[in-house]
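A.B. asks: Following this message is one structure expressed as structure tokens.
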Amino acid sequence: MPVYDDLPDLTHWRTVQEFSIEQAALLCSGIDPYERNLIEVRTENHPRWKLAWGLSDGMLSAIRRGVLTPVECIAIRRYEEWNSPDEYYQVKPTERGHELSKDKTIITRDSLFAWVRAEKVDIARKPLPKTLNLPSRSQNGWRSHSAEVVIDVNPEEEKQSVLMLSQYNHHSEGLEFVQDAIKELWSTYDEDNPQTAPTKNEVIDYLTGRGAGKNMADAVNLVLRPSHLQGIGRRSKKSK
């Protein structure tokens, strides 16, 4: 875990509950986003610019994998013409083929800290504080102590309602097939358009191709398919 003595005071960020990917990566690198952005730290050859860029790319990868859920997932379309401004538009996190914007895609403090813990992400920290033992007053119901104030981006206690995809404490082959089918077949399902749901045969063929038995594939399909979609799925394209 990288430890630095020169991290700035970042206490003014403690009340902020939502960050852009760029802000989160800079904060986790011990760089104040109010003072620099990702382009600037790389141009200036900041000592921690590679850490910041690596964290920002890691967050985008985590969003694609479904382990870091954004509040808003914004893509960017760049134009070669010098006078054409970049275009920003919203996409689903699982949609490939889009360049995600690091300064427009938004994540929450809770989901960021949960990702840091779950993935054991190395972030910039200050050395442990040196504690001075001073007299205490237990009779008044409080204890007094003095310690060097450490300002870093160390995650606070994770709240109960974390805005992330479900994390299972129990693992089995069936749960792995369920997660696999969600990612590969149901991630593009649009509730407003039932025809975007995968058909039963598509689910079963995919899972059996991944090594699931016929009964397992049938069970996974039944669990994932809403009751009103039991007989609905993607329409086959008619040849003209």
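Labels used: A, B, ... for chains in the order of the structure tokens, numbers from 1 for residues in each chain, and numbers from 1 for ligands as shown.
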Need to verify the contact set: Leu60 of chain A, 12 Å, only C-alpha atoms, exclusion of same-chain residues closer than 5 positions in sequence. Can you return it as a PyMOL selection string?

C.D. replies: chain A and resi 20-22+24-25+53-55+65-70+73-75+93-94+96+98-107+112+115

A.B. asks: If you keep C-alpha atoms, can you produce a file of those selected residues as a JSON list (two decimals), in the first residue's frame?

C.D. replies:
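And here is the file that came out, part_30.json:
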[["chain", "number", "residue", "atom", "x", "y", "z"],
["A", 20, "SER", "CA", -16.67, 11.88, -11.03],
["A", 21, "ILE", "CA", -14.25, 9.10, -11.96],
["A", 22, "GLU", "CA", -11.57, 11.76, -12.39],
["A", 24, "ALA", "CA", -12.26, 9.88, -7.25],
["A", 25, "ALA", "CA", -9.00, 8.77, -8.89],
["A", 53, "TRP", "CA", -4.37, 7.35, -14.18],
["A", 54, "GLY", "CA", -4.18, 3.69, -13.20],
["A", 55, "LEU", "CA", -6.96, 4.14, -10.65],
["A", 65, "ARG", "CA", -17.42, -5.68, -14.91],
["A", 66, "GLY", "CA", -20.39, -4.68, -12.79],
["A", 67, "VAL", "CA", -18.49, -4.37, -9.49],
["A", 68, "LEU", "CA", -18.65, -0.56, -9.35],
["A", 69, "THR", "CA", -22.10, 0.85, -10.06],
["A", 70, "PRO", "CA", -22.23, 4.44, -11.34],
["A", 73, "CYS", "CA", -22.70, 6.42, -16.85],
["A", 74, "ILE", "CA", -21.77, 8.96, -19.50],
["A", 75, "ALA", "CA", -19.97, 8.23, -22.77],
["A", 93, "PRO", "CA", -22.51, 0.40, -17.96],
["A", 94, "THR", "CA", -22.49, -2.93, -19.79],
["A", 96, "ARG", "CA", -19.45, -1.94, -25.05],
["A", 98, "HIS", "CA", -18.46, 3.46, -26.09],
["A", 99, "GLU", "CA", -15.68, 5.53, -24.57],
["A", 100, "LEU", "CA", -16.73, 6.40, -21.02],
["A", 101, "SER", "CA", -16.09, 9.93, -19.81],
["A", 102, "LYS", "CA", -13.95, 10.14, -16.69],
["A", 103, "ASP", "CA", -15.13, 13.64, -15.81],
["A", 104, "LYS", "CA", -18.86, 13.04, -16.45],
["A", 105, "THR", "CA", -19.43, 9.49, -15.14],
["A", 106, "ILE", "CA", -20.50, 9.76, -11.48],
["A", 107, "ILE", "CA", -20.06, 7.28, -8.60],
["A", 112, "LEU", "CA", -16.11, 3.79, -4.26],
["A", 115, "TRP", "CA", -14.84, -1.25, -4.40]]

A.B. asks: Looking at only C-alpha atoms, which of A:Ser56, A:Asp192, A:Glu72, A:Arg117 is the one that sits closest to Asn37 of chain A?

C.D. replies: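 Ranking A:Ser56, A:Asp192, A:Glu72, A:Arg117 by distance to Asn37 of chain A, first place goes to A:Ser56.
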
A.B. asks: I want to know what sits within 9 Å of Val203 of chain A, based on only C-alpha atoms, with residues of the same chain fewer than 3 positions away left out; could you give that as a list in words?

C.D. replies: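 Near neighbours after the sequence-gap exclusion: Ala181, Leu185, Pro198, Thr199, Lys200, Tyr206, Leu207, Thr208, Ala217, Asp218, Val220 and Asn221 of chain A.
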
A.B. asks: I'd like the interatomic distance between atom CA of Leu26 of chain A and atom CA of Val41 of chain A, to a tenth of an Å.

C.D. replies: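 Value for the atom CA of Leu26 of chain A-atom CA of Val41 of chain A distance: 9.2 Å.
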
A.B. asks: DSSP on the backbone: what in segment 28-144 of chain A comes out alpha helix (DSSP H), as an MDAnalysis selection string?

C.D. replies: chainID A and resid 28 38:43 49:65 109:118

A.B. asks: Write the residues you've just listed into a file as a short mmCIF file (atom, residue, chain, number, x, y, z; two decimals), in the first residue's frame, and include N, CA and C atoms for each of them.

C.D. replies:
data_model
loop_
_atom_site.label_atom_id
_atom_site.label_comp_id
_atom_site.auth_asym_id
_atom_site.auth_seq_id
_atom_site.Cartn_x
_atom_site.Cartn_y
_atom_site.Cartn_z
N CYS A 28 -8.02 9.43 -4.44
CA CYS A 28 -7.39 8.19 -4.02
C CYS A 28 -5.88 8.19 -4.25
N LEU A 38 -6.67 15.25 -14.35
CA LEU A 38 -5.82 14.14 -14.78
C LEU A 38 -4.81 14.57 -15.86
N ILE A 39 -5.26 15.39 -16.80
CA ILE A 39 -4.36 15.84 -17.86
C ILE A 39 -3.21 16.66 -17.27
N GLU A 40 -3.54 17.54 -16.33
CA GLU A 40 -2.52 18.41 -15.74
C GLU A 40 -1.49 17.63 -14.95
N VAL A 41 -1.92 16.64 -14.16
CA VAL A 41 -0.93 15.91 -13.35
C VAL A 41 0.01 15.10 -14.23
N ARG A 42 -0.50 14.61 -15.37
CA ARG A 42 0.39 13.89 -16.29
C ARG A 42 1.34 14.85 -16.99
N THR A 43 0.82 16.00 -17.43
CA THR A 43 1.66 16.98 -18.12
C THR A 43 2.75 17.51 -17.19
N TRP A 49 1.13 10.75 -10.74
CA TRP A 49 0.22 10.82 -11.89
C TRP A 49 -0.11 9.42 -12.43
N LYS A 50 0.85 8.51 -12.40
CA LYS A 50 0.58 7.15 -12.89
C LYS A 50 -0.41 6.43 -11.97
N LEU A 51 -0.31 6.68 -10.67
CA LEU A 51 -1.27 6.09 -9.74
C LEU A 51 -2.67 6.61 -10.04
N ALA A 52 -2.79 7.92 -10.27
CA ALA A 52 -4.11 8.50 -10.56
C ALA A 52 -4.69 7.95 -11.86
N TRP A 53 -3.87 7.87 -12.90
CA TRP A 53 -4.37 7.35 -14.18
C TRP A 53 -4.71 5.87 -14.08
N GLY A 54 -3.89 5.11 -13.37
CA GLY A 54 -4.18 3.69 -13.20
C GLY A 54 -5.47 3.46 -12.44
N LEU A 55 -5.71 4.26 -11.40
CA LEU A 55 -6.96 4.14 -10.65
C LEU A 55 -8.16 4.52 -11.49
N SER A 56 -8.03 5.57 -12.29
CA SER A 56 -9.17 5.99 -13.13
C SER A 56 -9.51 4.91 -14.15
N ASP A 57 -8.49 4.31 -14.77
CA ASP A 57 -8.75 3.22 -15.72
C ASP A 57 -9.31 1.99 -15.01
N GLY A 58 -8.84 1.75 -13.78
CA GLY A 58 -9.36 0.62 -13.01
C GLY A 58 -10.83 0.79 -12.65
N MET A 59 -11.23 2.03 -12.36
CA MET A 59 -12.63 2.29 -12.05
C MET A 59 -13.52 2.06 -13.28
N LEU A 60 -13.04 2.48 -14.44
CA LEU A 60 -13.82 2.23 -15.66
C LEU A 60 -13.95 0.74 -15.91
N SER A 61 -12.88 0.00 -15.69
CA SER A 61 -12.93 -1.45 -15.86
C SER A 61 -13.90 -2.09 -14.86
N ALA A 62 -13.90 -1.58 -13.62
CA ALA A 62 -14.81 -2.11 -12.60
C ALA A 62 -16.26 -1.84 -12.96
N ILE A 63 -16.52 -0.68 -13.57
CA ILE A 63 -17.88 -0.37 -14.03
C ILE A 63 -18.30 -1.35 -15.12
N ARG A 64 -17.41 -1.64 -16.06
CA ARG A 64 -17.70 -2.58 -17.13
C ARG A 64 -17.98 -3.98 -16.58
N ARG A 65 -17.28 -4.34 -15.50
CA ARG A 65 -17.42 -5.68 -14.91
C ARG A 65 -18.62 -5.78 -13.99
N ARG A 109 -19.70 7.87 -2.92
CA ARG A 109 -18.64 7.61 -1.94
C ARG A 109 -18.72 6.17 -1.44
N ASP A 110 -19.93 5.70 -1.13
CA ASP A 110 -20.09 4.35 -0.60
C ASP A 110 -19.61 3.29 -1.59
N SER A 111 -20.03 3.43 -2.85
CA SER A 111 -19.65 2.42 -3.84
C SER A 111 -18.15 2.47 -4.11
N LEU A 112 -17.55 3.66 -4.08
CA LEU A 112 -16.11 3.79 -4.26
C LEU A 112 -15.36 3.07 -3.15
N PHE A 113 -15.75 3.32 -1.89
CA PHE A 113 -15.05 2.70 -0.77
C PHE A 113 -15.27 1.19 -0.74
N ALA A 114 -16.48 0.75 -1.09
CA ALA A 114 -16.74 -0.69 -1.12
C ALA A 114 -15.89 -1.37 -2.19
N TRP A 115 -15.71 -0.71 -3.34
CA TRP A 115 -14.84 -1.25 -4.40
C TRP A 115 -13.39 -1.32 -3.93
N VAL A 116 -12.93 -0.29 -3.24
CA VAL A 116 -11.55 -0.28 -2.72
C VAL A 116 -11.34 -1.47 -1.79
N ARG A 117 -12.33 -1.73 -0.92
CA ARG A 117 -12.19 -2.86 0.01
C ARG A 117 -12.27 -4.20 -0.72
N ALA A 118 -13.30 -4.35 -1.55
CA ALA A 118 -13.54 -5.64 -2.20
C ALA A 118 -12.39 -6.03 -3.13
#

A.B. asks: Check the smallest atom-to-atom distance from each of A:Asn45, A:Thr188, A:Gln90, A:Gln195 to Leu229 of chain A using only C-alpha atoms, then report the winner.

C.D. replies: A:Gln195

A.B. asks: Rank nothing, just name the residue among A:Pro194, A:Val178, A:Glu35, A:Tyr189 nearest to Leu222 of chain A, using only C-alpha atoms.

C.D. replies: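 Answer, going by the shortest atom-to-atom distance: A:Val178.
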
A.B. asks: Please report, as a VMD selection string, each residue of segment 40-129 of chain A to which DSSP assigns strand (DSSP E or B) when run on this structure's backbone.

C.D. replies: chain A and resid 72 74 to 77 87 to 90 99 to 100 106 to 108 125

A.B. asks: Output N, CA and C atoms of each residue in that selection to a file, as a PDB file, in the first residue's frame.

C.D. replies:
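Saved result, part-v7.pdb, follows:
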ATOM      1  N   GLU A  72     -24.437   7.868 -12.730  1.00  0.00           N
ATOM      2  CA  GLU A  72     -24.631   8.220 -14.125  1.00  0.00           C
ATOM      3  C   GLU A  72     -23.451   7.693 -14.923  1.00  0.00           C
ATOM      4  N   ILE A  74     -21.772   8.052 -18.367  1.00  0.00           N
ATOM      5  CA  ILE A  74     -21.769   8.960 -19.502  1.00  0.00           C
ATOM      6  C   ILE A  74     -20.629   8.617 -20.457  1.00  0.00           C
ATOM      7  N   ALA A  75     -20.968   8.495 -21.732  1.00  0.00           N
ATOM      8  CA  ALA A  75     -19.967   8.233 -22.767  1.00  0.00           C
ATOM      9  C   ALA A  75     -19.630   9.535 -23.484  1.00  0.00           C
ATOM     10  N   ILE A  76     -18.489   9.512 -24.169  1.00  0.00           N
ATOM     11  CA  ILE A  76     -18.046  10.692 -24.902  1.00  0.00           C
ATOM     12  C   ILE A  76     -17.738  10.307 -26.337  1.00  0.00           C
ATOM     13  N   ARG A  77     -18.165  11.156 -27.251  1.00  0.00           N
ATOM     14  CA  ARG A  77     -17.855  10.955 -28.667  1.00  0.00           C
ATOM     15  C   ARG A  77     -17.008  12.156 -29.113  1.00  0.00           C
ATOM     16  N   GLU A  87     -19.182  15.294 -27.798  1.00  0.00           N
ATOM     17  CA  GLU A  87     -20.589  15.002 -27.510  1.00  0.00           C
ATOM     18  C   GLU A  87     -20.659  14.013 -26.348  1.00  0.00           C
ATOM     19  N   TYR A  88     -21.511  14.310 -25.370  1.00  0.00           N
ATOM     20  CA  TYR A  88     -21.698  13.433 -24.218  1.00  0.00           C
ATOM     21  C   TYR A  88     -23.102  12.843 -24.261  1.00  0.00           C
ATOM     22  N   TYR A  89     -23.220  11.561 -23.920  1.00  0.00           N
ATOM     23  CA  TYR A  89     -24.526  10.913 -23.922  1.00  0.00           C
ATOM     24  C   TYR A  89     -24.505   9.760 -22.925  1.00  0.00           C
ATOM     25  N   GLN A  90     -25.680   9.420 -22.408  1.00  0.00           N
ATOM     26  CA  GLN A  90     -25.787   8.401 -21.375  1.00  0.00           C
ATOM     27  C   GLN A  90     -25.869   7.008 -21.994  1.00  0.00           C
ATOM     28  N   GLU A  99     -16.728   5.008 -25.439  1.00  0.00           N
ATOM     29  CA  GLU A  99     -15.676   5.534 -24.566  1.00  0.00           C
ATOM     30  C   GLU A  99     -16.337   6.257 -23.396  1.00  0.00           C
ATOM     31  N   LEU A 100     -16.118   5.772 -22.184  1.00  0.00           N
ATOM     32  CA  LEU A 100     -16.727   6.400 -21.021  1.00  0.00           C
ATOM     33  C   LEU A 100     -15.951   7.653 -20.626  1.00  0.00           C
ATOM     34  N   ILE A 106     -20.424   9.463 -12.904  1.00  0.00           N
ATOM     35  CA  ILE A 106     -20.503   9.763 -11.478  1.00  0.00           C
ATOM     36  C   ILE A 106     -20.671   8.484 -10.652  1.00  0.00           C
ATOM     37  N   ILE A 107     -19.923   8.387  -9.556  1.00  0.00           N
ATOM     38  CA  ILE A 107     -20.056   7.277  -8.604  1.00  0.00           C
ATOM     39  C   ILE A 107     -20.273   7.856  -7.213  1.00  0.00           C
ATOM     40  N   THR A 108     -20.760   7.028  -6.285  1.00  0.00           N
ATOM     41  CA  THR A 108     -20.982   7.484  -4.920  1.00  0.00           C
ATOM     42  C   THR A 108     -19.787   7.165  -4.036  1.00  0.00           C
ATOM     43  N   ARG A 125      -1.886   6.818   1.031  1.00  0.00           N
ATOM     44  CA  ARG A 125      -2.203   7.044   2.432  1.00  0.00           C
ATOM     45  C   ARG A 125      -1.036   7.729   3.123  1.00  0.00           C
TER      46      ARG A 125
END
